[in-house]
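Shown next: data22.tsv, given as TSV, C-alpha atoms.
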```tsv
chain	number	residue	atom	x	y	z
A	295	MET	CA	43.74	22.01	-1.68
A	296	LEU	CA	39.96	21.72	-1.92
A	297	SER	CA	39.84	24.17	-4.80
A	298	GLU	CA	42.16	24.63	-7.71
A	299	PRO	CA	44.80	27.35	-7.33
A	300	ARG	CA	44.30	30.31	-9.64
A	301	SER	CA	47.45	29.31	-11.51
A	302	GLY	CA	45.91	25.89	-12.11
A	303	ARG	CA	42.74	27.38	-13.56
A	304	LEU	CA	44.74	29.73	-15.78
A	305	ALA	CA	47.01	26.95	-17.05
A	306	ALA	CA	44.18	24.47	-17.65
A	307	TRP	CA	41.84	26.85	-19.45
A	308	GLY	CA	44.70	28.66	-21.16
A	309	ASN	CA	45.79	25.33	-22.61
A	310	ALA	CA	42.23	24.53	-23.71
A	311	LEU	CA	42.14	27.91	-25.43
A	312	LEU	CA	45.45	27.22	-27.18
A	313	ALA	CA	44.03	23.90	-28.38
A	314	GLY	CA	40.96	25.62	-29.80
A	315	LEU	CA	38.63	23.65	-27.52
A	316	VAL	CA	37.03	26.67	-25.83
A	317	SER	CA	36.34	30.26	-26.79
A	318	PRO	CA	38.32	33.15	-25.29
A	319	ASP	CA	35.25	34.31	-23.36
A	320	ASP	CA	34.59	30.86	-21.90
A	321	ALA	CA	38.24	30.41	-20.96
A	322	VAL	CA	38.44	33.76	-19.16
A	323	LEU	CA	35.13	33.15	-17.39
A	324	ALA	CA	36.46	29.85	-16.05
A	325	VAL	CA	39.77	31.39	-14.96
A	326	VAL	CA	38.14	34.31	-13.15
A	327	GLY	CA	35.65	32.06	-11.35
A	328	ASP	CA	34.22	33.82	-8.32
A	329	ASP	CA	36.72	36.68	-8.47
A	330	ALA	CA	35.61	40.12	-9.60
A	331	VAL	CA	38.23	40.74	-12.27
A	332	HIS	CA	41.63	39.58	-13.49
A	333	ARG	CA	44.15	41.84	-15.21
A	334	VAL	CA	47.68	41.38	-16.52
A	335	GLU	CA	50.45	43.89	-15.81
A	336	GLY	CA	53.79	44.09	-17.60
A	337	LEU	CA	52.54	42.58	-20.85
A	338	PRO	CA	54.98	43.35	-23.69
A	339	GLY	CA	53.74	46.31	-25.69
A	340	GLU	CA	51.39	47.58	-22.98
A	341	SER	CA	52.12	50.38	-20.50
A	342	SER	CA	49.19	49.61	-18.18
A	343	PRO	CA	47.29	46.51	-17.01
A	344	VAL	CA	45.08	44.85	-19.63
A	345	GLY	CA	42.27	42.32	-19.55
A	346	LEU	CA	42.95	38.60	-19.48
A	347	THR	CA	41.44	38.00	-22.93
A	348	LEU	CA	43.82	40.44	-24.59
A	349	ALA	CA	46.77	39.17	-22.56
A	350	LEU	CA	46.27	35.50	-23.44
A	351	GLY	CA	45.90	36.38	-27.11
A	352	ARG	CA	49.00	38.56	-27.09
A	353	LEU	CA	51.11	35.92	-25.33
A	354	ARG	CA	49.98	33.34	-27.84
A	355	ALA	CA	51.03	35.66	-30.66
A	356	LEU	CA	54.41	36.06	-28.94
A	357	GLY	CA	54.94	32.31	-29.12
A	358	VAL	CA	53.46	30.78	-25.96
A	359	SER	CA	52.32	27.28	-26.93
A	360	GLY	CA	51.43	25.88	-23.52
A	361	TRP	CA	51.09	26.75	-19.85
A	362	LEU	CA	52.69	24.97	-16.90
A	363	VAL	CA	51.95	25.39	-13.19
A	364	ALA	CA	54.39	26.09	-10.37
A	365	LEU	CA	53.42	25.65	-6.71
A	366	PRO	CA	56.61	26.51	-4.82
A	367	ALA	CA	57.08	26.48	-1.05
A	368	PRO	CA	60.05	27.45	1.12
A	369	GLY	CA	62.88	25.05	0.32
A	370	HIS	CA	60.95	23.51	-2.56
A	371	PRO	CA	60.95	25.50	-5.86
A	372	LEU	CA	58.36	23.17	-7.40
A	373	GLY	CA	57.80	24.00	-11.07
A	374	LEU	CA	60.22	26.94	-11.23
A	375	SER	CA	63.14	27.40	-13.60
A	376	GLY	CA	64.29	30.96	-12.86
A	377	PRO	CA	65.41	33.65	-13.06
A	378	PRO	CA	65.66	34.69	-9.37
A	379	GLU	CA	63.21	37.61	-9.67
A	380	PHE	CA	60.47	35.39	-11.05
A	381	ASN	CA	61.20	32.64	-8.52
A	382	ALA	CA	61.04	35.12	-5.63
A	383	ARG	CA	57.67	36.51	-6.73
A	384	ALA	CA	56.28	33.03	-7.32
A	385	LEU	CA	57.47	31.85	-3.91
A	386	GLU	CA	55.81	34.83	-2.25
A	387	ALA	CA	52.54	34.10	-4.07
A	388	GLU	CA	53.02	30.32	-3.62
A	389	GLU	CA	52.00	29.81	-7.24
A	390	ALA	CA	52.66	30.88	-10.83
A	391	VAL	CA	52.19	29.82	-14.44
A	392	VAL	CA	55.10	29.39	-16.83
A	393	GLY	CA	54.78	29.57	-20.59
A	394	THR	CA	56.33	27.06	-22.97
A	395	GLY	CA	57.45	28.11	-26.43
A	396	ALA	CA	58.22	31.66	-25.27
A	397	PRO	CA	59.94	32.89	-22.07
A	398	PHE	CA	57.01	34.45	-20.22
A	399	GLY	CA	55.51	33.67	-16.84
A	400	LEU	CA	52.61	35.06	-14.81
A	401	VAL	CA	52.47	35.47	-11.03
A	402	PRO	CA	49.18	36.45	-9.33
A	403	GLU	CA	48.78	39.23	-6.81
A	404	VAL	CA	45.43	38.97	-5.01
A	405	CYS	CA	43.65	41.93	-3.45
A	406	GLU	CA	40.57	41.35	-1.28
A	407	ALA	CA	38.23	44.05	-0.06
A	408	GLY	CA	34.80	44.21	1.51
A	409	PRO	CA	32.52	46.57	3.40
A	410	GLY	CA	33.89	47.02	6.91
A	411	GLY	CA	36.07	43.91	6.71
A	412	ALA	CA	33.31	41.70	5.35
A	413	ALA	CA	32.79	38.57	7.42
A	414	HIS	CA	31.04	36.60	4.69
A	415	ALA	CA	32.77	35.27	1.58
A	416	GLU	CA	30.00	36.54	-0.68
A	417	ASP	CA	30.72	40.10	0.49
A	418	VAL	CA	34.42	39.97	-0.41
A	419	HIS	CA	35.48	41.68	-3.64
A	420	VAL	CA	38.54	39.95	-5.11
A	421	GLU	CA	40.73	41.43	-7.81
A	422	VAL	CA	43.74	39.64	-9.26
A	423	VAL	CA	46.68	41.23	-11.08
A	424	TRP	CA	48.92	38.79	-12.94
A	425	HIS	CA	52.47	40.12	-13.23
A	426	CYS	CA	54.01	39.14	-16.57
A	427	LEU	CA	57.73	38.48	-16.15
A	428	PRO	CA	60.53	36.85	-18.16
A	429	VAL	CA	61.32	33.24	-17.28
A	430	ARG	CA	64.28	31.03	-18.02
A	431	GLU	CA	63.69	28.41	-20.69
A	432	ALA	CA	64.79	25.34	-18.74
A	433	PRO	CA	63.15	22.22	-17.27
A	434	PRO	CA	61.00	23.11	-14.24
A	435	ALA	CA	62.22	21.96	-10.84
A	436	ASP	CA	61.04	18.66	-9.32
A	437	VAL	CA	57.95	18.12	-11.51
A	438	PRO	CA	57.01	14.43	-11.83
A	439	SER	CA	55.29	12.84	-14.79
A	440	LEU	CA	51.61	12.09	-14.40
A	441	GLY	CA	52.36	8.39	-13.93
A	442	GLU	CA	54.97	9.06	-11.25
A	443	ALA	CA	52.60	11.43	-9.45
A	444	GLU	CA	49.82	8.84	-9.41
A	445	ARG	CA	52.08	6.20	-7.89
A	446	GLU	CA	53.46	8.63	-5.30
A	447	LEU	CA	49.96	9.71	-4.32
A	448	ALA	CA	48.71	6.19	-3.74
A	449	GLU	CA	51.62	5.61	-1.35
A	450	ALA	CA	51.14	9.05	0.27
A	451	LEU	CA	47.48	8.31	0.93
A	452	ARG	CA	48.42	5.12	2.78
A	453	GLU	CA	51.17	6.91	4.69
A	454	ALA	CA	48.90	9.80	5.60
A	455	THR	CA	46.32	7.42	7.03
A	456	VAL	CA	48.95	5.69	9.17
A	457	VAL	CA	50.53	8.97	10.30
A	458	LEU	CA	47.25	10.61	11.24
A	459	THR	CA	46.15	7.52	13.15
A	460	LYS	CA	49.41	7.53	15.12
A	461	LEU	CA	49.01	11.22	15.84
A	462	ASP	CA	45.44	10.59	16.99
A	463	VAL	CA	44.05	13.12	14.53
A	464	ALA	CA	40.30	12.80	14.41
A	465	ALA	CA	38.41	14.40	11.54
A	466	SER	CA	35.80	15.89	13.83
A	467	GLY	CA	34.62	19.23	15.05
A	468	PRO	CA	32.93	22.05	13.12
A	469	VAL	CA	35.96	23.00	11.01
A	470	ALA	CA	36.60	19.45	9.85
A	471	GLU	CA	32.91	18.77	9.26
A	472	ALA	CA	32.53	21.94	7.19
A	473	ALA	CA	35.57	21.05	5.07
A	474	ILE	CA	34.33	17.52	4.46
A	475	ASP	CA	30.81	18.71	3.61
A	476	ALA	CA	32.20	21.27	1.16
A	477	TYR	CA	34.37	18.64	-0.50
A	478	ARG	CA	31.46	16.19	-0.85
A	479	ALA	CA	29.16	18.89	-2.18
A	480	ARG	CA	31.66	19.84	-4.86
A	481	ALA	CA	32.15	16.21	-5.84
A	482	ALA	CA	28.39	15.60	-5.95
A	483	ALA	CA	27.93	18.63	-8.20
A	484	GLY	CA	30.19	16.95	-10.77
A	485	ARG	CA	32.50	19.94	-10.95
A	486	GLU	CA	34.85	20.11	-13.88
A	487	LEU	CA	38.24	19.62	-12.29
A	488	LEU	CA	40.18	20.34	-15.46
A	489	ALA	CA	39.45	22.00	-18.78
A	490	PRO	CA	38.57	20.15	-22.01
A	491	GLY	CA	41.51	18.38	-23.62
A	492	TYR	CA	42.99	16.92	-20.44
A	493	PRO	CA	43.34	13.13	-20.17
A	494	PRO	CA	41.05	11.34	-17.67
A	495	ARG	CA	44.11	10.20	-15.74
A	496	ALA	CA	44.98	13.84	-14.97
A	497	VAL	CA	41.50	14.34	-13.49
A	498	ARG	CA	41.96	11.23	-11.31
A	499	VAL	CA	45.35	12.44	-10.09
A	500	LEU	CA	44.05	15.91	-9.26
A	501	GLU	CA	41.06	14.46	-7.42
A	502	LEU	CA	43.32	12.18	-5.37
A	503	ALA	CA	45.73	15.06	-4.67
A	504	GLN	CA	42.83	17.07	-3.29
A	505	ARG	CA	41.76	14.18	-1.08
A	506	VAL	CA	45.26	13.94	0.35
A	507	GLY	CA	45.30	17.71	0.70
A	508	LEU	CA	42.05	17.59	2.65
A	509	MET	CA	43.54	15.10	5.11
A	510	VAL	CA	46.63	17.26	5.57
A	511	SER	CA	44.55	20.41	6.01
A	512	LEU	CA	42.39	18.80	8.69
A	513	ALA	CA	45.48	17.50	10.47
A	514	TYR	CA	46.98	21.00	10.53
A	515	GLU	CA	43.89	22.63	12.08
A	516	PRO	CA	44.99	22.11	15.72
A	517	LEU	CA	48.31	23.72	14.82
A	518	ARG	CA	46.41	26.80	13.66
A	519	GLY	CA	44.53	27.09	16.90
A	520	ALA	CA	41.29	25.65	15.54
A	521	GLY	CA	41.37	22.55	17.74
A	522	GLY	CA	42.25	21.58	21.26
A	523	ALA	CA	45.47	22.34	23.07
A	524	VAL	CA	48.52	20.94	21.32
A	525	SER	CA	51.94	20.93	22.95
A	526	ALA	CA	55.00	22.31	21.18
A	527	SER	CA	56.46	18.83	20.80
A	528	GLU	CA	53.19	17.50	19.37
A	529	MET	CA	53.03	20.41	16.93
A	530	ALA	CA	56.58	19.75	15.77
A	531	ALA	CA	55.94	16.00	15.39
A	532	ARG	CA	52.76	16.58	13.43
A	533	ALA	CA	54.33	19.15	11.11
A	534	GLU	CA	57.32	16.87	10.50
A	535	ALA	CA	55.07	13.91	9.69
A	536	LEU	CA	52.78	15.87	7.40
A	537	ARG	CA	55.43	17.74	5.43
A	538	PRO	CA	56.38	14.92	3.00
A	539	VAL	CA	52.72	14.05	2.42
A	540	GLU	CA	51.89	17.66	1.67
A	541	ARG	CA	54.87	17.83	-0.70
A	542	VAL	CA	53.65	14.80	-2.66
A	543	ALA	CA	50.16	16.29	-2.96
A	544	ARG	CA	51.55	19.56	-4.33
A	545	ARG	CA	53.76	17.68	-6.82
A	546	ALA	CA	50.73	15.71	-7.98
A	547	GLN	CA	48.66	18.85	-8.48
A	548	VAL	CA	51.39	20.31	-10.67
A	549	ALA	CA	51.67	17.07	-12.65
A	550	ALA	CA	47.91	17.04	-13.25
A	551	PHE	CA	47.75	20.63	-14.46
A	552	ASN	CA	50.85	20.10	-16.62
A	553	ALA	CA	49.52	16.91	-18.21
A	554	TRP	CA	48.25	18.72	-21.31
A	555	VAL	CA	51.74	20.00	-22.15
A	556	GLU	CA	53.29	16.65	-21.20
A	557	GLU	CA	50.98	14.83	-23.62
A	558	ARG	CA	51.66	17.27	-26.46
A	559	GLU	CA	55.40	16.87	-26.01
A	560	ARG	CA	55.07	13.09	-26.04
A	561	GLU	CA	53.05	13.26	-29.29
A	562	ARG	CA	55.79	15.34	-30.91
A	563	GLY	CA	58.31	12.71	-29.88
```

In C-alpha cells, what does this structure look like?
Amino acid sequence: MLSEPRSGRLAAWGNALLAGLVSPDDAVLAVVGDDAVHRVEGLPGESSPVGLTLALGRLRALGVSGWLVALPAPGHPLGLSGPPEFNARALEAEEAVVGTGAPFGLVPEVCEAGPGGAAHAEDVHVEVVWHCLPVREAPPADVPSLGEAERELAEALREATVVLTKLDVAASGPVAEAAIDAYRARAAAGRELLAPGYPPRAVRVLELAQRVGLMVSLAYEPLRGAGGAVSASEMAARAEALRPVERVARRAQVAAFNAWVEERERERG
C-alpha cells in the first residue's frame, strides 16, 4: 500500500477532471504515472481500444458524474455492487473503478514486459487496458464514510502495533529497510496523495492507511520467504492476526478515494 492503486489514481484524477479542476491532459498524465500507456476496451460506440482521454470524455457524455474505487479481496467484495461478471473481473484484478450517474465500471488488466525478463524496474514496459463493463446501480459493498474510516484506522494502528510486538516482528533487514526508506522519500518529496478537490481529511486518511499498510506488508515478508524460517503455526497465527488490520486499511483507502463523491452527495442533500 505504499503507492496508490491504479484504480485510485483513475478515480481521483477522473473526479478532478469532472470538477473542472484539471485539464484532460494533466489528468491522464497523472493516471498513467510511470506506465507506458493506458487504453480502454469495450467503450460504448467503439470497436477497438481507445485512449484514456477519449474514454473519460465519452463516459462523461454518457452520464458518469463521479468515480468510486473498489479494492476487493477473496471473501470481501469491498466497493462492488455487481453484476457477477464485473465483480469476478474486479476480484481477479483486486481493484476497479465504478461510475456514478451512469452504470459503467472499469477494471484494469496490466501487462508487463522487458528485455530478457528485465531485472530493474526502469527496464519494465507496462501497458494497462481498462475493460469497460456494465455495473449495477446500487450501494457499494462495505464502504465506510471518511469519518468512520479515520476512527477505524486509529484503532487499527494501535492494534497492529500490539499484534506485531506479540508476534516479535522486527522491522529490520534489507527488505524492510528499503520499504521504509522508499516511504520516507516519498513523504519527504511532498507527493500529491490525491487530486485537487479532495478534502484534507481524505489525504490524512489515505496517508494513515498507507502507514498501516506498510506495517502489514513488513509483517508479511517472512511469510513470503523474505525473512527467517517461520513455522506453519507461526505463519497461520501471523496471517490471522494481520487479516483484520489489512481489511481496515483497504476500507480506509477506498473511503479516501471516494471522499470526493461522498462530499458532493452530502452537498446535494

Legend entry - Distance of atom CA of A:Gly360 from atom CA of A:Asn309, expressed in Å to one decimal place: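 Separating atom CA of A:Asn309 from atom CA of A:Gly360 is a distance of 5.7 Å.
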
Inset, instruction - Name all residues at most 9 Å from A:Asp436 (count only C-alpha atoms; drop same-chain ones fewer than 4 positions away) and give them as JSON, numbers by chain. - result: {"A": [370, 371, 372, 373, 374, 545]}

Inset, instruction - May I ask for the distance between atom CA of A:Phe380 and atom CA of A:Leu356, given in Å to one decimal place? - result: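 Going from atom CA of A:Phe380 over to atom CA of A:Leu356, I get 18.9 Å.
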
Inset, instruction - Tell me, in Å to one decimal, how far atom CA of A:His425 is from atom CA of A:Gly357. - result: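 Computing it gives 17.9 Å between the two atoms.
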
Inset, instruction - With a distance cut-off of 8 Å and all atoms listed in the file, select the neighbouring residues of stretch 488-503 of chain A, excluding the residue or stretch itself and same-chain residues fewer than 6 positions from it, and output the selection as a list in words. - result: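 My reading of the contact set: Met295, Arg303, Ala306, Trp307, Ala310, Ala313, Leu315, Val316, Leu440, Ala443, Glu444, Leu447, Ala543, Arg544, Ala546, Gln547, Ala549, Ala550, Phe551, Ala553 and Trp554 of chain A.
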
Legend entry - Distance query stretch 338-350 of chain A at most 12 Å, all atoms listed in the file, self and fewer than 5 positions along chain excluded, as a PyMOL selection string: chain A and resi 304-305+307-312+317-326+331-333+355-361+393+397-400+421-428

Inset, instruction - Kindly indicate which residue among A:Ala396, A:Val404, A:Ala513, A:Leu536 lies nearest to A:Leu353, using all atoms listed in the file for the distances. - result: A:Ala396

Inset, instruction - Find the residues around A:Leu385 up to 9 Å (all atoms listed in the file counted), leave out those fewer than 2 positions away in its own chain, and share them as JSON, numbers by chain. - result: {"A": [365, 366, 367, 368, 371, 380, 381, 382, 383, 387, 388, 389, 390]}

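If only C-alpha atoms are the atoms counted, then among A:Cys405, A:Val429, A:Leu362, A:Leu487 the closest residue to A:Glu379 is A:Val429.
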
Legend entry - Residue among A:Glu386, A:Glu540, A:Glu559, A:Asp329 lying closest to A:Met509, counting all atoms listed in the file: A:Glu540

Legend entry - Which of A:Asp417, A:Glu335, A:Glu431, A:Glu406 sits closest to A:Gly376 [using all atoms listed in the file]: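 Among the listed residues, A:Glu431 lies closest to A:Gly376.
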